[in-house]
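All remarks here apply to the structure that follows.
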Amino acid sequence: MIKFHLSNDILLSYSAGTLDEASSLLVATHLALCPTCRARNRSADCLGGYLLDCLEEAPVSSTMMDSVLSKVRNEASYSVPKAPSPALTDAIIPDPLRSYLGGDLNGLHWKRLAPRVQQISINTLDHGSKARLLRFQSGLTVPAHGHGGRELTLVLTGSLCDRDAILYRGDIAETDERTEHQPFAGPGEDCVCLAVTDAPLRFKSMYARLLQPLFGI
Amino acid sequence: MTVHDRCLIATASQRGAKWSSVITDLGNHFLARLIAETASAVRFKEPSFAATETWSKAESPMVAEGTALDDLRPKAAEFATRIRQIANDRNEAAFELLFRYFAPRIKSYCLKLGADASGAEEITQEAMVSIWRNAAQFDPSKASPSTWIFTIARNLAIDRFRKTRRPQFDPNDPALVPEDEPTPDRLIEQTEKQENVRKIMDTLSANERAVLMLSFYENLSHGDISKQLHIPLGTVKSRIRLAFTKIRSTLDAQDGANR
């Protein structure tokens, strides 16, 4: 049962289409795991629909309707696309993240980031913020750090203890430049999470600060 | 994150506010941005700000005028029927009716997003083609026709105009966590919740709407609005806060666990 959901501001900017690609990837992946937020997302879209009704009309060219009709008139009927073949019945990573990674959890090529921490950098078209998949071995403590901007974290496997909360699959942690925290991976399964940052992290310890440019976090 | 967002955070922290209230303020701001970017043209006349006018006079011309929202519900039912006719019978008359209502609004939306006239025409045309082709996928239990069409136009605009991607979940993904039993009760609840959004928008007073539009469409600071409308700063702030409290209540997660 997911306890930590998307905040209203993130949800609304996703619905309005103003959220950057990396953050949208995290939002959409959370939506795949969270029926509650899918319902909230429909409410947010509903606002957009309402606003469309309120808009002043801008006249369109007189020939547009005919060109649309002549384009579609003779097309074969479009049927609803069928559900994909159930090759992946036990996928752990939901879409759209799985497509961005090019496969499910088992087939990924991790890069060592620090002892007991691995990462995969995720390519996005827009560079507003940066998405990466991180894997922490259970029990690992991330060095205390602050943030130059917003950080969104979505837990996919295992658990992450952050401030006073324990986050499990589907849960979201949202921090900003005022947050300094020292999350650690819970016992048991390794913790895999999707992290999106819109500015570099600021580590507190000199050691971590020195390593930071090397790892590009 | 914009400078404005950072200021909100800084101000709130000076007040010793809790993070949750910072989020609330941010939520307000983004909601405003949504409104500004999608509906900046709720119909109101050019405001007149002659200094000699009392504020109530200056404010009244900005009142959203004739948005005719009362008759949207029957309209929505009619539009839903037309979309079904396109899906089932490829009914061109039904399409024309939708076209006349939606194409000029989609174009207007694209222009608000910053597209030029020819870009807006192109996106509108593509959106109308997409409505025809995907009519069979329209599900009136999930979205009203306006909402469904808004999402089509928004996705095309992001793709064509902003040239970026907007990742979306796949409802057929095996890893998707399905809704609990979709009992009839739950479905009704969902529809009611969506109608609620509309009802709540309708309850915004003209004053609240006017202040919001100036604040975010014109991108004026609270202080500037106060000067322009000759109303106290506190009044500007409280109107904005009231308006958003109403709207936000429809978005809150039921177990309220936003952090």
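To be explicit about the labels: the chains of the structure tokens are called A, B, and onward in the order shown, and within each one the residues are counted from 1, while ligands get numbers from 1 in the order they are shown.
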* Return the neighbours of chain B among the residues of chain A, cut-off 7 Å, counting only C-alpha atoms, as a ChimeraX atom specification. => /A:3-9,12-13,16-17,21,24-25,28-29,31-36,40,43-60,64,68,72,78,80,83,88-96,125-126,174
* If you count only C-alpha atoms, which residues fall within 10 Å of Arg163 (chain A), apart from same-chain ones fewer than 6 positions away, as a ChimeraX atom specification? -> /A:173,179-184
Would you mind exporting the chosen residues as a short mmCIF file (atom, residue, chain, number, x, y, z; two decimals), in the first residue's frame, restricted to N, CA and C atoms?
```
data_model
loop_
_atom_site.label_atom_id
_atom_site.label_comp_id
_atom_site.auth_asym_id
_atom_site.auth_seq_id
_atom_site.Cartn_x
_atom_site.Cartn_y
_atom_site.Cartn_z
N ALA A 173 9.69 10.21 -2.24
CA ALA A 173 10.27 11.19 -1.32
C ALA A 173 10.57 12.44 -2.13
N THR A 179 16.30 20.78 2.43
CA THR A 179 16.36 19.48 3.10
C THR A 179 17.80 18.99 3.17
N GLU A 180 18.20 18.59 4.36
CA GLU A 180 19.45 17.84 4.46
C GLU A 180 19.09 16.51 5.06
N HIS A 181 19.49 15.45 4.43
CA HIS A 181 19.08 14.16 4.96
C HIS A 181 20.16 13.11 4.71
N GLN A 182 19.95 11.99 5.34
CA GLN A 182 20.91 10.90 5.29
C GLN A 182 20.13 9.60 5.16
N PRO A 183 19.55 9.39 3.98
CA PRO A 183 18.70 8.19 3.85
C PRO A 183 19.54 6.92 3.91
N PHE A 184 18.94 5.80 4.33
CA PHE A 184 19.66 4.53 4.26
C PHE A 184 18.73 3.42 3.80
#
```
* Using only C-alpha atoms, which of the listed residues (A:Cys191, A:Leu105, A:Leu152, A:Ile122) sits closest to Phe136 (chain A)? ->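 Going through A:Cys191, A:Leu105, A:Leu152, A:Ile122 one by one, the smallest distance to Phe136 (chain A) is for A:Cys191.
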* To do: One decimal, Å: what's the distance from CA of Ile166 (chain A) over to CA of His145 (chain A), could you say?
  =>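 Taking CA of Ile166 (chain A) and CA of His145 (chain A), their separation equals 18.2 Å.
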* Provide the CA of Ala114 (chain A) to CA of Ser99 (chain A) distance in Å, to one decimal place. =>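 So the two atoms, CA of Ala114 (chain A) and CA of Ser99 (chain A), lie 26.0 Å apart.
Non-sequential neighbours of region 153-157 of chain A (distance at most 7 Å, separation of 5 or more positions within a chain, only C-alpha atoms) are Leu26, Leu167, Tyr168, Arg169, Gly170, Asp171, Ile172, Ala173, Glu174, Asp190, Cys191, Val192, Cys193, Leu194, Ala195 and Val196 of chain A.
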* Asked: In Å, with one decimal, what is the gap from CA of Ser23 (chain A) to CA of Gly119 (chain B)?
  -> 26.5 Å
* How would you write, as a PyMOL selection string, the set of residues in region 15-81 of chain A that DSSP gives as helix (DSSP H, G or I)? -> chain A and resi 15-16+21-33+35-54+64-72
Residues of the last selection are to be written out with N, CA and C atoms, as a tab-separated table (two decimals), in the first residue's frame.
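The resulting selection-v2.tsv:
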```tsv
chain	number	residue	atom	x	y	z
A	15	SER	N	0.22	17.43	-15.42
A	15	SER	CA	-1.02	17.52	-16.19
A	15	SER	C	-0.99	18.69	-17.17
A	16	ALA	N	-0.44	19.81	-16.72
A	16	ALA	CA	-0.38	20.99	-17.60
A	16	ALA	C	0.64	20.82	-18.70
A	21	GLU	N	11.08	16.38	-18.74
A	21	GLU	CA	10.94	14.97	-19.13
A	21	GLU	C	11.34	14.00	-18.01
A	22	ALA	N	12.47	14.26	-17.35
A	22	ALA	CA	12.94	13.33	-16.33
A	22	ALA	C	11.94	13.24	-15.17
A	23	SER	N	11.43	14.38	-14.73
A	23	SER	CA	10.44	14.36	-13.64
A	23	SER	C	9.15	13.70	-14.11
A	24	SER	N	8.77	13.94	-15.37
A	24	SER	CA	7.56	13.33	-15.91
A	24	SER	C	7.71	11.80	-15.96
A	25	LEU	N	8.93	11.34	-16.23
A	25	LEU	CA	9.19	9.91	-16.25
A	25	LEU	C	8.92	9.31	-14.86
A	26	LEU	N	9.38	10.02	-13.84
A	26	LEU	CA	9.15	9.53	-12.47
A	26	LEU	C	7.66	9.56	-12.13
A	27	VAL	N	6.99	10.65	-12.52
A	27	VAL	CA	5.55	10.76	-12.25
A	27	VAL	C	4.80	9.61	-12.91
A	28	ALA	N	5.09	9.39	-14.21
A	28	ALA	CA	4.35	8.36	-14.95
A	28	ALA	C	4.62	6.97	-14.38
A	29	THR	N	5.85	6.74	-13.91
A	29	THR	CA	6.18	5.43	-13.34
A	29	THR	C	5.46	5.24	-12.00
A	30	HIS	N	5.38	6.31	-11.22
A	30	HIS	CA	4.59	6.24	-9.98
A	30	HIS	C	3.11	5.97	-10.31
A	31	LEU	N	2.60	6.64	-11.34
A	31	LEU	CA	1.18	6.46	-11.70
A	31	LEU	C	0.89	5.00	-12.05
A	32	ALA	N	1.86	4.33	-12.68
A	32	ALA	CA	1.65	2.91	-13.01
A	32	ALA	C	1.49	2.08	-11.74
A	33	LEU	N	2.10	2.53	-10.65
A	33	LEU	CA	2.07	1.76	-9.41
A	33	LEU	C	0.99	2.23	-8.44
A	35	PRO	N	-2.87	3.50	-8.03
A	35	PRO	CA	-4.23	3.82	-8.49
A	35	PRO	C	-4.77	5.12	-7.89
A	36	THR	N	-4.38	5.43	-6.65
A	36	THR	CA	-4.85	6.67	-6.02
A	36	THR	C	-4.42	7.89	-6.82
A	37	CYS	N	-3.13	7.91	-7.18
A	37	CYS	CA	-2.65	9.07	-7.92
A	37	CYS	C	-3.16	9.08	-9.36
A	38	ARG	N	-3.49	7.90	-9.90
A	38	ARG	CA	-4.11	7.91	-11.23
A	38	ARG	C	-5.45	8.63	-11.18
A	39	ALA	N	-6.19	8.42	-10.09
A	39	ALA	CA	-7.47	9.12	-9.95
A	39	ALA	C	-7.24	10.63	-9.77
A	40	ARG	N	-6.23	10.98	-8.97
A	40	ARG	CA	-5.92	12.41	-8.78
A	40	ARG	C	-5.47	13.02	-10.10
A	41	ASN	N	-4.73	12.25	-10.88
A	41	ASN	CA	-4.26	12.75	-12.18
A	41	ASN	C	-5.45	13.03	-13.10
A	42	ARG	N	-6.48	12.17	-13.01
A	42	ARG	CA	-7.67	12.42	-13.84
A	42	ARG	C	-8.35	13.73	-13.41
A	43	SER	N	-8.35	14.01	-12.10
A	43	SER	CA	-8.92	15.27	-11.64
A	43	SER	C	-8.13	16.46	-12.19
A	44	ALA	N	-6.81	16.32	-12.18
A	44	ALA	CA	-5.98	17.41	-12.68
A	44	ALA	C	-6.23	17.62	-14.18
A	45	ASP	N	-6.34	16.52	-14.94
A	45	ASP	CA	-6.65	16.64	-16.37
A	45	ASP	C	-8.01	17.29	-16.58
A	46	CYS	N	-8.91	16.98	-15.63
A	46	CYS	CA	-10.26	17.52	-15.71
A	46	CYS	C	-10.24	19.05	-15.63
A	47	LEU	N	-9.33	19.57	-14.80
A	47	LEU	CA	-9.15	21.02	-14.75
A	47	LEU	C	-8.77	21.55	-16.12
A	48	GLY	N	-7.86	20.86	-16.78
A	48	GLY	CA	-7.43	21.26	-18.11
A	48	GLY	C	-8.60	21.27	-19.08
A	49	GLY	N	-9.48	20.25	-18.97
A	49	GLY	CA	-10.65	20.18	-19.83
A	49	GLY	C	-11.60	21.33	-19.58
A	50	TYR	N	-11.76	21.64	-18.30
A	50	TYR	CA	-12.62	22.77	-17.93
A	50	TYR	C	-12.09	24.05	-18.54
A	51	LEU	N	-10.78	24.21	-18.44
A	51	LEU	CA	-10.17	25.45	-18.93
A	51	LEU	C	-10.27	25.55	-20.45
A	52	LEU	N	-10.23	24.40	-21.13
A	52	LEU	CA	-10.40	24.41	-22.58
A	52	LEU	C	-11.78	24.97	-22.94
A	53	ASP	N	-12.79	24.58	-22.15
A	53	ASP	CA	-14.14	25.10	-22.37
A	53	ASP	C	-14.21	26.61	-22.18
A	54	CYS	N	-13.37	27.12	-21.27
A	54	CYS	CA	-13.42	28.55	-20.95
A	54	CYS	C	-12.71	29.42	-21.98
A	64	MET	N	-9.87	23.98	-43.08
A	64	MET	CA	-9.29	22.94	-42.22
A	64	MET	C	-10.20	21.72	-42.07
A	65	MET	N	-11.50	21.97	-41.86
A	65	MET	CA	-12.37	20.83	-41.62
A	65	MET	C	-12.38	19.89	-42.83
A	66	ASP	N	-12.46	20.49	-44.04
A	66	ASP	CA	-12.46	19.65	-45.24
A	66	ASP	C	-11.17	18.87	-45.38
A	67	SER	N	-10.05	19.52	-45.06
A	67	SER	CA	-8.80	18.77	-45.23
A	67	SER	C	-8.69	17.65	-44.19
A	68	VAL	N	-9.22	17.87	-43.00
A	68	VAL	CA	-9.21	16.78	-42.02
A	68	VAL	C	-10.08	15.63	-42.52
A	69	LEU	N	-11.30	15.98	-42.97
A	69	LEU	CA	-12.21	14.92	-43.41
A	69	LEU	C	-11.68	14.17	-44.62
A	70	SER	N	-11.08	14.91	-45.57
A	70	SER	CA	-10.59	14.21	-46.76
A	70	SER	C	-9.40	13.32	-46.41
A	71	LYS	N	-8.71	13.68	-45.34
A	71	LYS	CA	-7.58	12.86	-44.92
A	71	LYS	C	-8.05	11.54	-44.28
A	72	VAL	N	-9.10	11.64	-43.45
A	72	VAL	CA	-9.48	10.45	-42.67
A	72	VAL	C	-10.62	9.65	-43.31
```
